[in-house]
>>> print(open('coords-v5.cif').read())   # mmCIF, C-alpha atoms
data_entry
#
loop_
_atom_site.label_atom_id
_atom_site.label_comp_id
_atom_site.auth_asym_id
_atom_site.auth_seq_id
_atom_site.Cartn_x
_atom_site.Cartn_y
_atom_site.Cartn_z
CA MET A 1 109.19 110.57 13.95
CA GLU A 2 109.60 108.82 17.30
CA ARG A 3 113.24 108.36 18.34
CA ILE A 4 115.20 106.99 21.27
CA PRO A 5 117.54 109.72 22.57
CA ILE A 6 121.30 109.15 22.45
CA LEU A 7 123.27 111.15 25.03
CA ARG A 8 126.96 111.93 24.80
CA MET A 9 129.17 111.77 27.87
CA GLY A 10 132.82 112.38 27.04
CA ASP A 11 134.01 109.50 24.88
CA PHE A 12 130.86 107.50 25.44
CA LEU A 13 127.33 107.42 24.13
CA LEU A 14 124.46 106.55 26.46
CA VAL A 15 121.16 105.08 25.41
CA THR A 16 118.34 104.35 27.83
CA ILE A 17 115.48 102.45 26.29
CA GLN A 18 112.35 103.40 28.20
CA VAL A 19 109.59 102.62 25.76
CA ASP A 20 108.11 99.39 24.50
CA MET A 21 109.98 99.29 21.21
CA HIS A 22 108.28 98.48 17.95
CA ASP A 23 110.48 97.10 15.19
CA GLU A 24 110.88 100.31 13.22
CA LEU A 25 112.00 102.18 16.33
CA ALA A 26 114.64 99.51 16.93
CA MET A 27 115.91 99.87 13.36
CA THR A 28 116.00 103.67 13.70
CA LEU A 29 118.08 103.37 16.88
CA GLN A 30 120.52 101.11 15.08
CA ASP A 31 120.95 103.64 12.27
CA ASP A 32 121.12 106.64 14.62
CA LEU A 33 123.77 104.99 16.79
CA SER A 34 126.10 104.10 13.93
CA ASP A 35 125.72 107.66 12.68
CA ARG A 36 126.54 109.12 16.10
CA ILE A 37 129.54 106.83 16.63
CA SER A 38 130.96 108.00 13.33
CA LYS A 39 130.25 111.72 13.96
CA THR A 40 131.49 111.83 17.56
CA SER A 41 134.29 109.24 17.31
CA ALA A 42 132.83 107.70 20.46
CA ARG A 43 134.89 104.91 22.02
CA GLY A 44 132.06 103.24 23.86
CA VAL A 45 128.31 102.78 23.85
CA LEU A 46 126.26 101.97 26.95
CA ILE A 47 122.75 100.66 26.40
CA ASP A 48 120.50 100.53 29.46
CA ILE A 49 117.65 98.07 28.99
CA SER A 50 116.52 97.93 32.63
CA ALA A 51 113.11 99.33 31.69
CA LEU A 52 112.46 96.64 29.07
CA ASP A 53 110.11 93.96 30.40
CA MET A 54 110.72 91.71 27.41
CA VAL A 55 113.34 91.22 24.72
CA ASP A 56 112.27 89.14 21.75
CA SER A 57 114.38 87.87 18.85
CA PHE A 58 114.01 91.13 16.93
CA ILE A 59 115.22 93.35 19.77
CA GLY A 60 117.86 90.75 20.62
CA ARG A 61 119.13 90.84 17.09
CA MET A 62 119.24 94.64 17.17
CA ILE A 63 121.37 94.52 20.33
CA GLY A 64 123.73 92.06 18.65
CA THR A 65 123.94 94.16 15.50
CA ILE A 66 124.66 97.38 17.40
CA SER A 67 127.37 95.62 19.35
CA GLY A 68 128.93 94.20 16.18
CA LEU A 69 128.80 97.37 14.14
CA SER A 70 130.18 99.52 16.95
CA ARG A 71 133.08 97.08 17.28
CA ILE A 72 134.05 97.48 13.66
CA MET A 73 133.75 101.24 14.14
CA ASP A 74 136.30 101.00 16.97
CA ALA A 75 133.84 101.41 19.83
CA GLN A 76 132.83 98.99 22.60
CA THR A 77 129.22 98.31 23.53
CA VAL A 78 128.02 97.28 26.96
CA VAL A 79 124.40 96.31 27.59
CA VAL A 80 123.30 96.87 31.17
CA GLY A 81 120.35 96.22 33.46
CA MET A 82 118.71 93.20 31.89
CA GLN A 83 115.89 92.01 34.15
CA PRO A 84 116.30 88.42 35.41
CA ALA A 85 113.00 87.26 33.86
CA VAL A 86 114.12 88.72 30.53
CA ALA A 87 117.47 86.93 30.73
CA ILE A 88 115.83 83.57 31.51
CA THR A 89 113.41 84.01 28.62
CA LEU A 90 116.14 85.02 26.15
CA VAL A 91 118.20 81.94 26.87
CA GLU A 92 115.18 79.67 26.54
CA LEU A 93 114.24 81.40 23.31
CA GLY A 94 117.65 80.39 21.99
CA LEU A 95 119.29 83.80 21.99
CA THR A 96 122.45 84.02 24.06
CA LEU A 97 123.75 87.25 22.50
CA PRO A 98 127.24 85.99 21.57
CA GLY A 99 129.84 88.75 21.49
CA VAL A 100 127.66 91.17 23.43
CA ILE A 101 129.27 92.48 26.62
CA THR A 102 126.86 92.88 29.51
CA ALA A 103 126.97 94.35 33.01
CA LEU A 104 124.47 94.26 35.84
CA ASN A 105 123.97 98.00 36.14
CA VAL A 106 124.99 101.37 34.69
CA GLU A 107 127.79 101.90 37.21
CA ARG A 108 129.46 98.57 36.48
CA GLY A 109 128.87 99.08 32.78
CA MET A 110 130.62 102.45 32.81
CA SER A 111 133.65 101.12 34.66
CA LEU A 112 133.82 98.17 32.28
CA LEU A 113 133.78 100.54 29.32
CA ARG A 114 136.53 102.72 30.85
CA GLU A 115 138.71 99.68 31.53
CA ARG A 116 138.30 98.34 28.04
CA VAL A 117 138.98 101.65 26.33
CA GLN A 118 142.04 102.35 28.51
CA SER A 119 143.53 98.92 27.93
CA GLU A 120 143.52 99.45 24.18
CA MET B 1 88.10 73.36 31.31
CA ASN B 2 86.24 76.65 31.70
CA VAL B 3 86.79 79.81 29.70
CA LEU B 4 86.60 82.66 32.20
CA ARG B 5 87.00 85.52 29.76
CA SER B 6 87.85 85.82 26.08
CA GLY B 7 88.32 88.34 23.32
CA THR B 8 89.97 89.16 20.01
CA GLN B 9 92.47 91.78 18.99
CA ALA B 10 93.58 92.81 15.50
CA VAL B 11 97.19 92.15 14.52
CA ARG B 12 97.49 93.98 11.21
CA ILE B 13 100.42 96.38 11.33
CA GLU B 14 103.78 96.53 13.08
CA GLN B 15 102.45 98.73 15.91
CA ASP B 16 99.87 96.03 16.65
CA VAL B 17 102.73 93.73 17.71
CA VAL B 18 103.44 96.12 20.60
CA LEU B 19 99.73 96.27 21.47
CA ALA B 20 99.45 92.47 21.31
CA ARG B 21 102.26 92.00 23.81
CA GLN B 22 100.82 94.68 26.11
CA THR B 23 97.49 92.85 26.07
CA ALA B 24 99.26 89.53 26.65
CA ARG B 25 101.05 91.01 29.68
CA LYS B 26 97.86 92.41 31.16
CA LEU B 27 96.02 89.10 30.73
CA ALA B 28 98.97 87.06 32.02
CA VAL B 29 98.90 89.14 35.22
CA GLU B 30 95.14 88.65 35.45
CA ALA B 31 95.52 84.89 35.03
CA GLY B 32 97.97 84.89 37.92
CA LEU B 33 101.10 83.76 36.05
CA ARG B 34 104.34 84.43 37.89
CA LEU B 35 106.72 87.04 36.48
CA VAL B 36 109.04 84.69 34.58
CA ASP B 37 106.07 82.90 33.00
CA GLN B 38 104.45 86.23 32.10
CA THR B 39 107.66 87.28 30.38
CA LYS B 40 107.94 83.98 28.49
CA LEU B 41 104.35 84.18 27.29
CA VAL B 42 104.65 87.84 26.29
CA THR B 43 107.87 87.12 24.38
CA ALA B 44 106.26 84.16 22.57
CA ALA B 45 103.27 86.39 21.74
CA SER B 46 105.61 89.02 20.33
CA GLU B 47 107.30 86.48 18.04
CA LEU B 48 103.97 85.09 16.80
CA ALA B 49 102.33 88.50 16.37
CA ARG B 50 105.29 89.56 14.23
CA ASN B 51 104.92 86.40 12.12
CA THR B 52 101.22 87.22 11.67
CA VAL B 53 102.07 90.70 10.38
CA VAL B 54 105.17 89.89 8.33
CA TYR B 55 104.39 86.44 6.91
CA GLY B 56 100.62 86.19 7.34
CA ARG B 57 99.91 89.70 5.97
CA GLY B 58 97.95 90.52 9.11
CA GLY B 59 95.39 88.65 11.15
CA ASP B 60 93.96 88.42 14.66
CA MET B 61 94.90 87.30 18.13
CA ASP B 62 92.21 85.48 20.12
CA TRP B 63 92.72 85.32 23.86
CA GLU B 64 91.12 83.19 26.54
CA ILE B 65 91.67 83.04 30.27
CA LEU B 66 91.13 79.41 31.23
CA GLU B 67 90.41 77.58 34.45
CA GLU B 68 90.99 73.88 34.90
CA GLU B 69 90.80 72.18 38.29
CA ARG B 70 93.04 74.32 40.44
CA ARG B 71 95.07 76.05 37.79
CA LYS B 72 94.50 78.99 35.51
CA GLY B 73 95.94 79.61 32.11
CA LEU B 74 96.15 82.08 29.28
CA ARG B 75 95.66 80.79 25.76
CA LEU B 76 96.49 82.91 22.73
CA THR B 77 95.66 81.98 19.15
CA PHE B 78 97.17 83.84 16.22
CA ARG B 79 95.20 83.50 12.98
CA ASP B 80 95.95 84.79 9.54
CA GLN B 81 94.75 84.24 5.97
CA GLY B 82 98.22 84.51 4.51
CA PRO B 83 100.10 82.14 2.19
CA GLY B 84 100.44 79.47 4.88
CA ILE B 85 103.42 77.29 5.66
CA ALA B 86 104.45 74.97 2.84
CA ASP B 87 106.97 72.88 4.76
CA MET B 88 106.07 72.59 8.44
CA LYS B 89 109.12 70.52 9.31
CA LEU B 90 111.40 73.19 7.88
CA ALA B 91 109.43 75.98 9.59
CA MET B 92 109.91 74.21 12.93
CA THR B 93 113.68 74.05 12.47
CA ASP B 94 115.79 76.36 14.63
CA GLY B 95 117.57 78.96 12.57
CA TRP B 96 115.57 78.49 9.41
CA THR B 97 113.78 81.57 8.09
CA SER B 98 111.87 82.36 4.94
CA GLY B 99 112.28 86.06 5.69
CA GLY B 100 115.17 88.05 7.08
CA GLY B 101 114.78 86.96 10.69
CA LEU B 102 116.81 84.73 12.95
CA GLY B 103 114.51 81.76 12.50
CA LEU B 104 113.70 81.62 16.20
CA GLY B 105 110.09 82.84 16.09
CA LEU B 106 108.08 79.63 15.83
CA THR B 107 110.55 77.26 17.50
CA GLY B 108 111.45 79.80 20.19
CA ALA B 109 107.79 80.47 20.96
CA LYS B 110 107.19 76.72 21.33
CA ARG B 111 109.99 76.42 23.88
CA LEU B 112 108.58 79.29 25.96
CA VAL B 113 105.07 77.94 26.54
CA ASP B 114 103.36 74.85 28.02
CA ASP B 115 101.03 74.02 25.12
CA PHE B 116 101.73 74.73 21.48
CA SER B 117 100.02 73.81 18.25
CA VAL B 118 100.26 75.04 14.69
CA GLU B 119 97.93 74.38 11.77
CA SER B 120 98.68 75.58 8.30
CA ALA B 121 98.52 74.64 4.64
CA PRO B 122 99.62 76.50 1.52
CA GLY B 123 96.99 79.11 0.64
CA GLN B 124 94.98 78.31 3.78
CA GLY B 125 96.56 80.70 6.25
CA THR B 126 98.16 79.82 9.56
CA ARG B 127 96.82 79.29 13.06
CA VAL B 128 99.20 79.08 16.01
CA MET B 129 97.96 78.38 19.54
CA ILE B 130 100.02 78.86 22.69
CA CYS B 131 99.05 78.40 26.31
CA LYS B 132 100.77 78.97 29.63
CA TRP B 133 99.46 77.62 32.94
CA THR B 134 99.93 78.77 36.51
#
>>> encode(input="coords-v5.cif", output="structure tokens")
Amino acid sequence: MERIPILRMGDFLLVTIQVDMHDELAMTLQDDLSDRISKTSARGVLIDISALDMVDSFIGRMIGTISGLSRIMDAQTVVVGMQPAVAITLVELGLTLPGVITALNVERGMSLLRERVQSE
Amino acid sequence: MNVLRSGTQAVRIEQDVVLARQTARKLAVEAGLRLVDQTKLVTAASELARNTVVYGRGGDMDWEILEEERRKGLRLTFRDQGPGIADMKLAMTDGWTSGGGLGLGLTGAKRLVDDFSVESAPGQGTRVMICKWT
């Protein structure tokens, strides 16, 4: 079965979405991530969506769910690299991703994660 | 208004949603839409294609590249023979869903395009048309 790879880097998990995701793939990622957070006791999750040229309500909801479930599993999620056209479209669609922490790029996302984990 | 090119694509299974938005992107580029408008149209197409599969039990997407005076446009029509929409007013309400979604599909798609129309009746299937102009 097709899967999106989840990489481990110290206390953090890294996910780079590089394919046009169908709904089942999004659901699988959600399940895989919660599983990996629990197995690795990861403190943070970084999701890079810079390669996504569109985010619809289904993918948006998945991002929100991952962020919420990681929070209750004691991990922070940061979503990085959203393309400007995608951001404009998401807001107009009515999806503002409440509670989801975002950063412009991977570098800023990583430092945000480190800060947040250290301050706890 | 002239139709420059047209075609139809099946929207039957979940994977077809991905194919529908890839086609929409390709055609939006061909029609000369700018990037933000391409993204809006592709996102609207994704929402409607998913509705066709999930609620309409599969159907088709018709596409037309249009030309009118000095502008070009891409029109997409999603057709299904599913159960139809019983209460259109409710279906066009933000946040209302008959399934497990966010209830943003139909209303969100409408906000993202220039022209929007929906025709449906119980047992008669659903037909949603969207269009974006340059």
>>> residues_around(input="coords-v5.cif", residues="stretch 55-67 of chain B", least_positions_apart="5", cutoff="6 Å", atoms="all atoms listed in the file", output="JSON, numbers by chain")
{"B": [1, 2, 3, 4, 5, 6, 7, 8, 9, 10, 11, 12, 72, 73, 74, 75, 76, 77, 78, 79, 80, 82]}
>>> write_last_selection(input="coords-v5.cif", atoms="C-alpha atoms", output="PDB file, keeping the file's coordinate frame")
ATOM      1  CA  MET B   1      88.100  73.360  31.310  1.00  0.00           C
ATOM      2  CA  ASN B   2      86.240  76.650  31.700  1.00  0.00           C
ATOM      3  CA  VAL B   3      86.790  79.810  29.700  1.00  0.00           C
ATOM      4  CA  LEU B   4      86.600  82.660  32.200  1.00  0.00           C
ATOM      5  CA  ARG B   5      87.000  85.520  29.760  1.00  0.00           C
ATOM      6  CA  SER B   6      87.850  85.820  26.080  1.00  0.00           C
ATOM      7  CA  GLY B   7      88.320  88.340  23.320  1.00  0.00           C
ATOM      8  CA  THR B   8      89.970  89.160  20.010  1.00  0.00           C
ATOM      9  CA  GLN B   9      92.470  91.780  18.990  1.00  0.00           C
ATOM     10  CA  ALA B  10      93.580  92.810  15.500  1.00  0.00           C
ATOM     11  CA  VAL B  11      97.190  92.150  14.520  1.00  0.00           C
ATOM     12  CA  ARG B  12      97.490  93.980  11.210  1.00  0.00           C
ATOM     13  CA  LYS B  72      94.500  78.990  35.510  1.00  0.00           C
ATOM     14  CA  GLY B  73      95.940  79.610  32.110  1.00  0.00           C
ATOM     15  CA  LEU B  74      96.150  82.080  29.280  1.00  0.00           C
ATOM     16  CA  ARG B  75      95.660  80.790  25.760  1.00  0.00           C
ATOM     17  CA  LEU B  76      96.490  82.910  22.730  1.00  0.00           C
ATOM     18  CA  THR B  77      95.660  81.980  19.150  1.00  0.00           C
ATOM     19  CA  PHE B  78      97.170  83.840  16.220  1.00  0.00           C
ATOM     20  CA  ARG B  79      95.200  83.500  12.980  1.00  0.00           C
ATOM     21  CA  ASP B  80      95.950  84.790   9.540  1.00  0.00           C
ATOM     22  CA  GLY B  82      98.220  84.510   4.510  1.00  0.00           C
TER      23      GLY B  82
END
>>> resolve_selection(input="coords-v5.cif", expression="the PyMOL selection byres ((chain B and resi 110) around 12)", output="PyMOL selection string")
(chain A and resi 92-94) or (chain B and resi 40-41+43-45+47-48+91-94+104-109+111-118+128-132)
>>> closest_residue(input="coords-v5.cif", among="A:Val19, A:Val100, A:Met110, A:Val55", to="A:Leu69", atoms="only C-alpha atoms")
A:Val100
>>> atom_distance(input="coords-v5.cif", atom1="atom CA of B:Gln22", atom2="atom CA of A:Ser57")
16.8 Å
>>> residues_near_point(input="coords-v5.cif", point="(139.8, 102.9, 16.8)", cutoff="10 Å", atoms="only C-alpha atoms", output="PDB file with C-alpha atoms, keeping the file's coordinate frame")
ATOM      1  CA  SER A  41     134.290 109.240  17.310  1.00  0.00           C
ATOM      2  CA  ALA A  42     132.830 107.700  20.460  1.00  0.00           C
ATOM      3  CA  ARG A  43     134.890 104.910  22.020  1.00  0.00           C
ATOM      4  CA  ARG A  71     133.080  97.080  17.280  1.00  0.00           C
ATOM      5  CA  ILE A  72     134.050  97.480  13.660  1.00  0.00           C
ATOM      6  CA  MET A  73     133.750 101.240  14.140  1.00  0.00           C
ATOM      7  CA  ASP A  74     136.300 101.000  16.970  1.00  0.00           C
ATOM      8  CA  ALA A  75     133.840 101.410  19.830  1.00  0.00           C
ATOM      9  CA  GLN A  76     132.830  98.990  22.600  1.00  0.00           C
ATOM     10  CA  VAL A 117     138.980 101.650  26.330  1.00  0.00           C
ATOM     11  CA  GLU A 120     143.520  99.450  24.180  1.00  0.00           C
TER      12      GLU A 120
END
>>> resolve_selection(input="coords-v5.cif", expression="the PyMOL selection byres ((chain A and resi 12) around 8)", output="PyMOL selection string")
chain A and resi 8-11+13-14+42-46
>>> closest_residue(input="coords-v5.cif", among="A:Val80, A:Met21, A:Met27, A:Ile4", to="A:Leu112", atoms="only C-alpha atoms")
A:Val80
>>> atom_distance(input="coords-v5.cif", atom1="atom CA of A:Ile101", atom2="atom CA of A:Gly81")
11.8 Å
>>> resolve_selection(input="coords-v5.cif", expression="the PyMOL selection byres ((chain A and resi 51) around 8)", output="compact mmCIF listing (two decimals) with C-alpha atoms, in the frame of the given file")
# COMPACT_ATOMS: atom_id res chain seq x y z
CA ILE A 17 115.48 102.45 26.29
CA GLN A 18 112.35 103.40 28.20
CA VAL A 19 109.59 102.62 25.76
CA ASP A 48 120.50 100.53 29.46
CA ILE A 49 117.65 98.07 28.99
CA SER A 50 116.52 97.93 32.63
CA LEU A 52 112.46 96.64 29.07
CA ASP A 53 110.11 93.96 30.40
>>> closest_residue(input="coords-v5.cif", among="B:Asp87, B:Val42, B:Val54, B:Pro122", to="chain A", atoms="all atoms listed in the file")
B:Val42
>>> atom_distance(input="coords-v5.cif", atom1="atom CA of B:Val36", atom2="atom CA of A:Ala85")
4.8 Å
>>> residues_near_point(input="coords-v5.cif", point="(115.9, 111.1, 19.5)", cutoff="12 Å", atoms="all atoms listed in the file", output="list of chain:residue names")
A:Met1, A:Glu2, A:Arg3, A:Ile4, A:Pro5, A:Ile6, A:Leu7, A:Leu14, A:Val15, A:Thr16, A:Ile17, A:Leu25, A:Ala26, A:Thr28, A:Leu29, A:Gln30, A:Asp31, A:Asp32, A:Leu33, A:Arg36
>>> closest_residue(input="coords-v5.cif", among="B:Glu68, B:Lys26, B:Gly103, B:Thr52", to="chain A", atoms="all atoms listed in the file")
B:Gly103
>>> closest_residue(input="coords-v5.cif", among="B:Thr23, B:Gly95, B:Pro83, B:Leu90", to="chain A", atoms="all atoms listed in the file")
B:Gly95
>>> closest_residue(input="coords-v5.cif", among="A:Val106, A:Ile88, A:Ile37, A:Met82", to="chain B", atoms="only C-alpha atoms")
A:Ile88
>>> decode(input="coords-v5.cif", residues="stretch 5-21 of chain B", atoms="N, CA and C atoms", output="JSON list (two decimals), in the first residue's frame")
[["chain", "number", "residue", "atom", "x", "y", "z"],
["B", 5, "ARG", "N", -12.74, 24.10, -26.60],
["B", 5, "ARG", "CA", -12.40, 22.68, -26.48],
["B", 5, "ARG", "C", -13.26, 22.11, -25.37],
["B", 6, "SER", "N", -13.65, 20.86, -25.48],
["B", 6, "SER", "CA", -14.45, 20.28, -24.40],
["B", 6, "SER", "C", -14.19, 18.78, -24.28],
["B", 7, "GLY", "N", -14.60, 18.22, -23.17],
["B", 7, "GLY", "CA", -14.42, 16.79, -22.96],
["B", 7, "GLY", "C", -15.12, 16.34, -21.70],
["B", 8, "THR", "N", -15.03, 15.04, -21.43],
["B", 8, "THR", "CA", -15.66, 14.46, -20.25],
["B", 8, "THR", "C", -14.70, 13.49, -19.59],
["B", 9, "GLN", "N", -14.75, 13.46, -18.29],
["B", 9, "GLN", "CA", -13.90, 12.54, -17.54],
["B", 9, "GLN", "C", -14.71, 11.85, -16.45],
["B", 10, "ALA", "N", -14.49, 10.57, -16.27],
["B", 10, "ALA", "CA", -15.24, 9.81, -15.27],
["B", 10, "ALA", "C", -14.80, 10.18, -13.86],
["B", 11, "VAL", "N", -15.76, 10.29, -12.96],
["B", 11, "VAL", "CA", -15.46, 10.54, -11.54],
["B", 11, "VAL", "C", -16.21, 9.47, -10.76],
["B", 12, "ARG", "N", -15.61, 8.28, -10.67],
["B", 12, "ARG", "CA", -16.33, 7.15, -10.09],
["B", 12, "ARG", "C", -15.78, 6.76, -8.72],
["B", 13, "ILE", "N", -14.45, 6.69, -8.63],
["B", 13, "ILE", "CA", -13.85, 6.24, -7.37],
["B", 13, "ILE", "C", -12.95, 7.35, -6.80],
["B", 14, "GLU", "N", -12.51, 7.12, -5.56],
["B", 14, "GLU", "CA", -11.74, 8.12, -4.84],
["B", 14, "GLU", "C", -10.51, 8.61, -5.63],
["B", 15, "GLN", "N", -9.82, 7.68, -6.30],
["B", 15, "GLN", "CA", -8.63, 8.06, -7.07],
["B", 15, "GLN", "C", -8.99, 9.01, -8.21],
["B", 16, "ASP", "N", -10.23, 8.93, -8.68],
["B", 16, "ASP", "CA", -10.66, 9.83, -9.76],
["B", 16, "ASP", "C", -10.70, 11.29, -9.30],
["B", 17, "VAL", "N", -10.84, 11.51, -8.00],
["B", 17, "VAL", "CA", -10.85, 12.87, -7.47],
["B", 17, "VAL", "C", -9.48, 13.52, -7.75],
["B", 18, "VAL", "N", -8.41, 12.74, -7.53],
["B", 18, "VAL", "CA", -7.06, 13.23, -7.81],
["B", 18, "VAL", "C", -6.90, 13.51, -9.31],
["B", 19, "LEU", "N", -7.40, 12.58, -10.14],
["B", 19, "LEU", "CA", -7.29, 12.76, -11.59],
["B", 19, "LEU", "C", -8.11, 13.97, -12.05],
["B", 20, "ALA", "N", -9.28, 14.17, -11.45],
["B", 20, "ALA", "CA", -10.13, 15.31, -11.82],
["B", 20, "ALA", "C", -9.42, 16.62, -11.52],
["B", 21, "ARG", "N", -8.75, 16.71, -10.35],
["B", 21, "ARG", "CA", -8.08, 17.98, -10.07],
["B", 21, "ARG", "C", -6.83, 18.17, -10.90]]
